[in-house]
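Coordinates as given in model27.cif (mmCIF, C-alpha atoms):
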data_entry
loop_
_atom_site.label_atom_id
_atom_site.label_comp_id
_atom_site.auth_asym_id
_atom_site.auth_seq_id
_atom_site.Cartn_x
_atom_site.Cartn_y
_atom_site.Cartn_z
CA MET A 213 -19.21 1.94 8.09
CA PRO A 214 -15.91 0.69 6.66
CA GLN A 215 -13.32 3.26 5.67
CA GLN A 216 -11.98 2.64 2.19
CA ARG A 217 -9.32 4.19 -0.03
CA ASP A 218 -6.97 3.02 -2.76
CA ALA A 219 -4.31 2.22 -0.19
CA LEU A 220 -2.38 -0.39 -2.18
CA THR A 221 -2.19 1.93 -5.16
CA GLU A 222 -1.13 4.82 -2.89
CA LEU A 223 1.54 2.68 -1.26
CA VAL A 224 3.10 1.72 -4.60
CA LYS A 225 2.77 5.24 -6.04
CA ALA A 226 4.65 6.65 -3.05
CA HIS A 227 7.74 4.63 -4.03
CA VAL A 228 7.53 3.87 -7.75
CA GLY A 229 7.34 6.02 -10.86
CA ARG A 230 8.57 9.34 -12.12
CA ASP A 231 10.55 11.29 -9.51
CA ARG A 232 10.29 8.40 -7.05
CA ARG A 233 12.74 5.95 -5.52
CA MET A 234 12.40 3.42 -8.38
CA SER A 235 11.23 3.35 -11.98
CA THR A 236 8.56 0.85 -13.01
CA ARG A 237 11.26 -1.26 -14.69
CA GLU A 238 13.51 -1.25 -11.61
CA PHE A 239 10.59 -2.08 -9.35
CA ALA A 240 9.33 -4.94 -11.55
CA ALA A 241 12.82 -6.45 -11.40
CA VAL A 242 12.94 -6.53 -7.57
CA ALA A 243 9.25 -7.19 -6.81
CA VAL A 244 9.32 -10.98 -6.75
CA ASP A 245 7.03 -13.24 -4.71
CA PRO A 246 9.50 -15.31 -2.66
CA GLU A 247 7.27 -18.41 -2.64
CA SER A 248 6.31 -18.69 -6.30
CA GLY A 249 8.96 -16.57 -8.01
CA TRP A 250 6.19 -14.60 -9.75
CA SER A 251 6.88 -10.95 -10.54
CA PRO A 252 4.55 -8.27 -11.89
CA SER A 253 5.37 -7.02 -15.36
CA LYS A 254 6.48 -3.45 -15.95
CA SER A 255 3.10 -2.81 -17.58
CA LEU A 256 1.22 -4.13 -14.52
CA VAL A 257 3.26 -1.86 -12.26
CA ALA A 258 2.42 1.04 -14.60
CA LYS A 259 -1.28 0.12 -14.34
CA ILE A 260 -1.06 0.14 -10.55
CA ILE A 261 0.56 3.57 -10.32
CA GLY A 262 -1.70 4.85 -13.11
CA ASP A 263 -4.85 4.13 -11.07
CA GLN A 264 -6.04 1.65 -13.67
CA GLY A 265 -7.91 -1.52 -12.76
CA TYR A 266 -5.88 -4.53 -11.67
CA ASP A 267 -6.50 -7.79 -9.81
CA ILE A 268 -5.09 -8.12 -6.32
CA THR A 269 -3.74 -11.61 -5.67
CA PRO A 270 -1.68 -13.13 -2.84
CA GLN A 271 1.31 -13.32 -5.22
CA LEU A 272 0.96 -9.64 -6.11
CA VAL A 273 0.80 -8.67 -2.43
CA SER A 274 3.94 -10.70 -1.67
CA ALA A 275 5.80 -9.34 -4.69
CA LEU A 276 4.88 -5.74 -3.85
CA ALA A 277 6.02 -6.25 -0.26
CA GLU A 278 9.39 -7.54 -1.46
CA GLY A 279 9.81 -4.73 -3.96
CA LEU A 280 8.85 -2.02 -1.48
CA GLY A 281 10.84 -3.54 1.37
CA ILE A 282 7.77 -3.36 3.60
CA ASP A 283 6.33 -6.13 5.80
CA ARG A 284 3.88 -8.29 3.87
CA GLU A 285 1.23 -7.79 6.55
CA ILE A 286 1.25 -4.03 5.88
CA VAL A 287 0.92 -4.53 2.12
CA ALA A 288 -1.86 -7.07 2.77
CA ALA A 289 -3.59 -4.49 4.99
CA ALA A 290 -3.36 -2.01 2.11
CA ALA A 291 -4.98 -4.55 -0.20
CA HIS A 292 -7.69 -5.20 2.39
CA LEU A 293 -8.33 -1.47 2.83
CA GLN A 294 -8.52 -0.97 -0.93
CA VAL A 295 -10.87 -3.87 -1.64
CA ILE A 296 -12.96 -4.24 1.53
CA GLY A 297 -12.22 -1.32 3.84
CA TYR A 298 -11.79 -1.23 7.61
CA THR A 299 -13.93 0.08 10.42
CA THR A 300 -12.46 2.98 12.36
CA ALA A 301 -11.76 0.65 15.30
CA GLU A 302 -9.84 -1.78 13.07
CA LEU A 303 -7.54 1.05 11.96
CA THR A 304 -6.29 1.64 15.50
CA LYS A 305 -4.02 -1.38 15.91
CA GLY A 306 -1.77 -3.86 14.16
CA ALA A 307 -0.95 -3.79 10.47
CA PRO A 308 -3.88 -1.50 9.53
CA ALA A 309 -2.61 1.18 11.94
CA ARG A 310 0.95 0.78 10.64
CA LEU A 311 -0.37 1.07 7.09
CA ILE A 312 -2.19 4.33 7.82
CA ARG A 313 1.04 5.74 9.21
CA GLU A 314 2.97 4.55 6.12
CA ILE A 315 0.62 5.97 3.49
CA GLY A 316 -0.17 8.98 5.62
CA ALA A 317 3.47 9.96 5.54
CA GLU A 318 3.79 9.57 1.77
CA ALA A 319 0.36 9.94 0.17
CA GLU A 320 -0.77 13.07 -1.60
CA SER A 321 -4.07 13.26 0.31
CA THR A 322 -3.20 12.68 3.95
CA ASP A 323 -5.60 14.82 5.97
CA LYS A 324 -7.63 11.89 7.37
CA ALA A 325 -4.59 9.69 7.92
CA GLN A 326 -2.75 12.50 9.68
CA ALA A 327 -5.74 13.19 11.93
CA VAL A 328 -5.85 9.51 12.93
CA ALA A 329 -2.09 9.43 13.58
CA ASP A 330 -2.30 12.64 15.64
CA ARG A 331 -5.15 11.19 17.71
CA TRP A 332 -3.14 8.00 18.37
CA ASP A 333 -0.11 10.06 19.41
CA ALA A 334 -2.28 12.09 21.81
CA GLU A 335 -3.67 8.90 23.36
CA LYS A 336 -0.22 7.52 24.25
#
Show me the file's structure as structure tokens.
Amino acid sequence: MPQQRDALTELVKAHVGRDRRMSTREFAAVAVDPESGWSPSKSLVAKIIGDQGYDITPQLVSALAEGLGIDREIVAAAAHLQVIGYTTAELTKGAPARLIREIGAEAESTDKAQAVADRWDAEK
């Protein structure tokens, strides 16, 4: 059974908004897709951190990666986890594993992510 959570939303919320590293306006200004030049509006960023519905597109993933200063593959893994989910085995390597560590360190609800990270550390 695929594991699913609002990982892309969690990733953005960990860095953007009230009492965070950047305001929605600041983030919208630096979150620019390097290929197309597209940038999410301040209101779209507010929708993302407000847990409101939004469409996930390749341009959005690239723009969020630029704005967050995180590898695109990790942001894409967050989008994949949010929309499709991953099996437990898929979360043990590559970008999905790096994502779980990233949101596990910042997210409000981290019990499952921390348990996975602890298990990986014990297996080393």
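If you look at CA of Thr236 (chain A) and CA of Ala277 (chain A), they are 14.8 Å away from each other.
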Output of the PyMOL selection byres ((chain A and resi 286) around 10), listed as a short mmCIF file (atom, residue, chain, number, x, y, z; two decimals) with C-alpha atoms, in the frame of the given file:
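See selection26.cif below for the written result:
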data_model
loop_
_atom_site.label_atom_id
_atom_site.label_comp_id
_atom_site.auth_asym_id
_atom_site.auth_seq_id
_atom_site.Cartn_x
_atom_site.Cartn_y
_atom_site.Cartn_z
CA LEU A 220 -2.38 -0.39 -2.18
CA LEU A 223 1.54 2.68 -1.26
CA VAL A 273 0.80 -8.67 -2.43
CA ALA A 277 6.02 -6.25 -0.26
CA ILE A 282 7.77 -3.36 3.60
CA ASP A 283 6.33 -6.13 5.80
CA ARG A 284 3.88 -8.29 3.87
CA GLU A 285 1.23 -7.79 6.55
CA VAL A 287 0.92 -4.53 2.12
CA ALA A 288 -1.86 -7.07 2.77
CA ALA A 289 -3.59 -4.49 4.99
CA ALA A 290 -3.36 -2.01 2.11
CA ALA A 291 -4.98 -4.55 -0.20
CA HIS A 292 -7.69 -5.20 2.39
CA GLY A 306 -1.77 -3.86 14.16
CA ALA A 307 -0.95 -3.79 10.47
CA PRO A 308 -3.88 -1.50 9.53
CA ALA A 309 -2.61 1.18 11.94
CA ARG A 310 0.95 0.78 10.64
CA LEU A 311 -0.37 1.07 7.09
CA ILE A 312 -2.19 4.33 7.82
CA GLU A 314 2.97 4.55 6.12
#
Residue nearest Arg233 (chain A) among A:Pro270, A:Gly281, A:Gly249, A:Gly297 (counting all atoms listed in the file):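 Going through A:Pro270, A:Gly281, A:Gly249, A:Gly297 one by one, the smallest distance to Arg233 (chain A) is for A:Gly281.
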For region 254-259 of chain A, find every residue with an atom within 6 Å (counting only C-alpha atoms), except residues of its own chain fewer than 2 positions away, and show them as a CSV table (one decimal) with C-alpha atoms, keeping the file's coordinate frame.
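Saved as selection.csv:
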chain,number,residue,atom,x,y,z
A,236,THR,CA,8.6,0.8,-13.0
A,237,ARG,CA,11.3,-1.3,-14.7
A,240,ALA,CA,9.3,-4.9,-11.6
A,252,PRO,CA,4.6,-8.3,-11.9
A,261,ILE,CA,0.6,3.6,-10.3
A,262,GLY,CA,-1.7,4.8,-13.1
A,264,GLN,CA,-6.0,1.6,-13.7
Selected residue of minimal separation from Ala241 (chain A) among A:Asp263, A:Glu278, A:Val224, A:Ala334, counting all atoms listed in the file: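 Comparing A:Asp263, A:Glu278, A:Val224, A:Ala334 against Ala241 (chain A), the winner is A:Glu278.
Going from CA of Asp218 (chain A) to CA of Gly265 (chain A) covers 11.0 Å.
With only C-alpha atoms as the atoms that count, the residue of A:Ser274, A:Thr221, A:Thr269, A:Thr299 with the shortest distance to Val242 (chain A) is A:Ser274.
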For Ser251 (chain A), find every residue with an atom within 7 Å (counting all atoms listed in the file), except residues of its own chain fewer than 4 positions away, and show them as a tab-separated table (two decimals) with C-alpha atoms, in the frame of the given file.
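Generated file (part-v3.tsv):
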chain	number	residue	atom	x	y	z
A	240	ALA	CA	9.33	-4.94	-11.55
A	243	ALA	CA	9.25	-7.19	-6.81
A	244	VAL	CA	9.32	-10.98	-6.75
A	245	ASP	CA	7.03	-13.24	-4.71
A	275	ALA	CA	5.80	-9.34	-4.69
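Atom to atom, CA of Arg232 (chain A) and CA of Thr304 (chain A) stand 28.8 Å apart.
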Exercise on region 247-265 of chain A, axis-aligned box with 5 Å per side, report centre and edge lengths in Å to one decimal, as JSON:
{"center_x": 0.5, "center_y": -6.9, "center_z": -10.1, "size_x": 26.9, "size_y": 33.5, "size_z": 24.9}
Please output region 290-319 of chain A, rebuilt to include N, CA and C atoms, as a PDB file, keeping the file's coordinate frame.
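Okay, result.pdb is ready:
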ATOM      1  N   ALA A 290      -3.042  -2.982   3.167  1.00  0.00           N
ATOM      2  CA  ALA A 290      -3.360  -2.010   2.110  1.00  0.00           C
ATOM      3  C   ALA A 290      -4.321  -2.609   1.102  1.00  0.00           C
ATOM      4  N   ALA A 291      -4.082  -3.869   0.726  1.00  0.00           N
ATOM      5  CA  ALA A 291      -4.980  -4.550  -0.200  1.00  0.00           C
ATOM      6  C   ALA A 291      -6.367  -4.691   0.410  1.00  0.00           C
ATOM      7  N   HIS A 292      -6.424  -5.056   1.675  1.00  0.00           N
ATOM      8  CA  HIS A 292      -7.690  -5.200   2.390  1.00  0.00           C
ATOM      9  C   HIS A 292      -8.428  -3.857   2.431  1.00  0.00           C
ATOM     10  N   LEU A 293      -7.717  -2.794   2.764  1.00  0.00           N
ATOM     11  CA  LEU A 293      -8.330  -1.470   2.830  1.00  0.00           C
ATOM     12  C   LEU A 293      -8.859  -1.052   1.462  1.00  0.00           C
ATOM     13  N   GLN A 294      -8.120  -1.360   0.415  1.00  0.00           N
ATOM     14  CA  GLN A 294      -8.520  -0.970  -0.930  1.00  0.00           C
ATOM     15  C   GLN A 294      -9.746  -1.754  -1.410  1.00  0.00           C
ATOM     16  N   VAL A 295      -9.798  -3.035  -1.111  1.00  0.00           N
ATOM     17  CA  VAL A 295     -10.870  -3.870  -1.640  1.00  0.00           C
ATOM     18  C   VAL A 295     -12.090  -3.910  -0.717  1.00  0.00           C
ATOM     19  N   ILE A 296     -11.865  -4.029   0.583  1.00  0.00           N
ATOM     20  CA  ILE A 296     -12.960  -4.240   1.530  1.00  0.00           C
ATOM     21  C   ILE A 296     -13.200  -3.032   2.422  1.00  0.00           C
ATOM     22  N   GLY A 297     -12.114  -2.425   2.883  1.00  0.00           N
ATOM     23  CA  GLY A 297     -12.220  -1.320   3.840  1.00  0.00           C
ATOM     24  C   GLY A 297     -12.045  -1.841   5.255  1.00  0.00           C
ATOM     25  N   TYR A 298     -11.898  -0.927   6.185  1.00  0.00           N
ATOM     26  CA  TYR A 298     -11.790  -1.230   7.610  1.00  0.00           C
ATOM     27  C   TYR A 298     -12.738  -0.333   8.367  1.00  0.00           C
ATOM     28  N   THR A 299     -13.185  -0.803   9.527  1.00  0.00           N
ATOM     29  CA  THR A 299     -13.930   0.080  10.420  1.00  0.00           C
ATOM     30  C   THR A 299     -12.899   0.983  11.101  1.00  0.00           C
ATOM     31  N   THR A 300     -13.365   2.061  11.660  1.00  0.00           N
ATOM     32  CA  THR A 300     -12.460   2.980  12.360  1.00  0.00           C
ATOM     33  C   THR A 300     -11.714   2.257  13.476  1.00  0.00           C
ATOM     34  N   ALA A 301     -12.406   1.389  14.204  1.00  0.00           N
ATOM     35  CA  ALA A 301     -11.760   0.650  15.300  1.00  0.00           C
ATOM     36  C   ALA A 301     -10.657  -0.265  14.780  1.00  0.00           C
ATOM     37  N   GLU A 302     -10.853  -0.882  13.628  1.00  0.00           N
ATOM     38  CA  GLU A 302      -9.840  -1.780  13.070  1.00  0.00           C
ATOM     39  C   GLU A 302      -8.575  -1.028  12.660  1.00  0.00           C
ATOM     40  N   LEU A 303      -8.696   0.254  12.390  1.00  0.00           N
ATOM     41  CA  LEU A 303      -7.540   1.050  11.960  1.00  0.00           C
ATOM     42  C   LEU A 303      -6.687   1.539  13.123  1.00  0.00           C
ATOM     43  N   THR A 304      -7.017   1.134  14.342  1.00  0.00           N
ATOM     44  CA  THR A 304      -6.290   1.640  15.500  1.00  0.00           C
ATOM     45  C   THR A 304      -5.182   0.721  15.993  1.00  0.00           C
ATOM     46  N   LYS A 305      -5.045  -0.471  15.412  1.00  0.00           N
ATOM     47  CA  LYS A 305      -4.020  -1.380  15.910  1.00  0.00           C
ATOM     48  C   LYS A 305      -3.488  -2.284  14.808  1.00  0.00           C
ATOM     49  N   GLY A 306      -2.352  -2.884  15.071  1.00  0.00           N
ATOM     50  CA  GLY A 306      -1.770  -3.860  14.160  1.00  0.00           C
ATOM     51  C   GLY A 306      -1.367  -3.286  12.811  1.00  0.00           C
ATOM     52  N   ALA A 307      -1.372  -4.168  11.818  1.00  0.00           N
ATOM     53  CA  ALA A 307      -0.950  -3.790  10.470  1.00  0.00           C
ATOM     54  C   ALA A 307      -1.783  -2.655   9.875  1.00  0.00           C
ATOM     55  N   PRO A 308      -3.118  -2.626  10.087  1.00  0.00           N
ATOM     56  CA  PRO A 308      -3.880  -1.500   9.530  1.00  0.00           C
ATOM     57  C   PRO A 308      -3.402  -0.143  10.074  1.00  0.00           C
ATOM     58  N   ALA A 309      -3.101  -0.076  11.355  1.00  0.00           N
ATOM     59  CA  ALA A 309      -2.610   1.180  11.940  1.00  0.00           C
ATOM     60  C   ALA A 309      -1.236   1.535  11.368  1.00  0.00           C
ATOM     61  N   ARG A 310      -0.375   0.530  11.213  1.00  0.00           N
ATOM     62  CA  ARG A 310       0.950   0.780  10.640  1.00  0.00           C
ATOM     63  C   ARG A 310       0.833   1.229   9.189  1.00  0.00           C
ATOM     64  N   LEU A 311      -0.134   0.667   8.477  1.00  0.00           N
ATOM     65  CA  LEU A 311      -0.370   1.070   7.090  1.00  0.00           C
ATOM     66  C   LEU A 311      -0.778   2.530   7.010  1.00  0.00           C
ATOM     67  N   ILE A 312      -1.714   2.940   7.851  1.00  0.00           N
ATOM     68  CA  ILE A 312      -2.190   4.330   7.820  1.00  0.00           C
ATOM     69  C   ILE A 312      -1.022   5.279   8.081  1.00  0.00           C
ATOM     70  N   ARG A 313      -0.146   4.906   8.974  1.00  0.00           N
ATOM     71  CA  ARG A 313       1.040   5.740   9.210  1.00  0.00           C
ATOM     72  C   ARG A 313       1.942   5.783   7.977  1.00  0.00           C
ATOM     73  N   GLU A 314       2.102   4.644   7.317  1.00  0.00           N
ATOM     74  CA  GLU A 314       2.970   4.550   6.120  1.00  0.00           C
ATOM     75  C   GLU A 314       2.415   5.398   4.979  1.00  0.00           C
ATOM     76  N   ILE A 315       1.157   5.218   4.621  1.00  0.00           N
ATOM     77  CA  ILE A 315       0.620   5.970   3.490  1.00  0.00           C
ATOM     78  C   ILE A 315       0.305   7.397   3.889  1.00  0.00           C
ATOM     79  N   GLY A 316       0.066   7.618   5.165  1.00  0.00           N
ATOM     80  CA  GLY A 316      -0.170   8.980   5.620  1.00  0.00           C
ATOM     81  C   GLY A 316       1.059   9.841   5.489  1.00  0.00           C
ATOM     82  N   ALA A 317       2.221   9.222   5.635  1.00  0.00           N
ATOM     83  CA  ALA A 317       3.470   9.960   5.540  1.00  0.00           C
ATOM     84  C   ALA A 317       3.866  10.242   4.100  1.00  0.00           C
ATOM     85  N   GLU A 318       3.350   9.458   3.157  1.00  0.00           N
ATOM     86  CA  GLU A 318       3.790   9.570   1.770  1.00  0.00           C
ATOM     87  C   GLU A 318       2.693   9.994   0.799  1.00  0.00           C
ATOM     88  N   ALA A 319       1.444   9.728   1.132  1.00  0.00           N
ATOM     89  CA  ALA A 319       0.360   9.940   0.170  1.00  0.00           C
ATOM     90  C   ALA A 319       0.106  11.418  -0.085  1.00  0.00           C
TER      91      ALA A 319
END
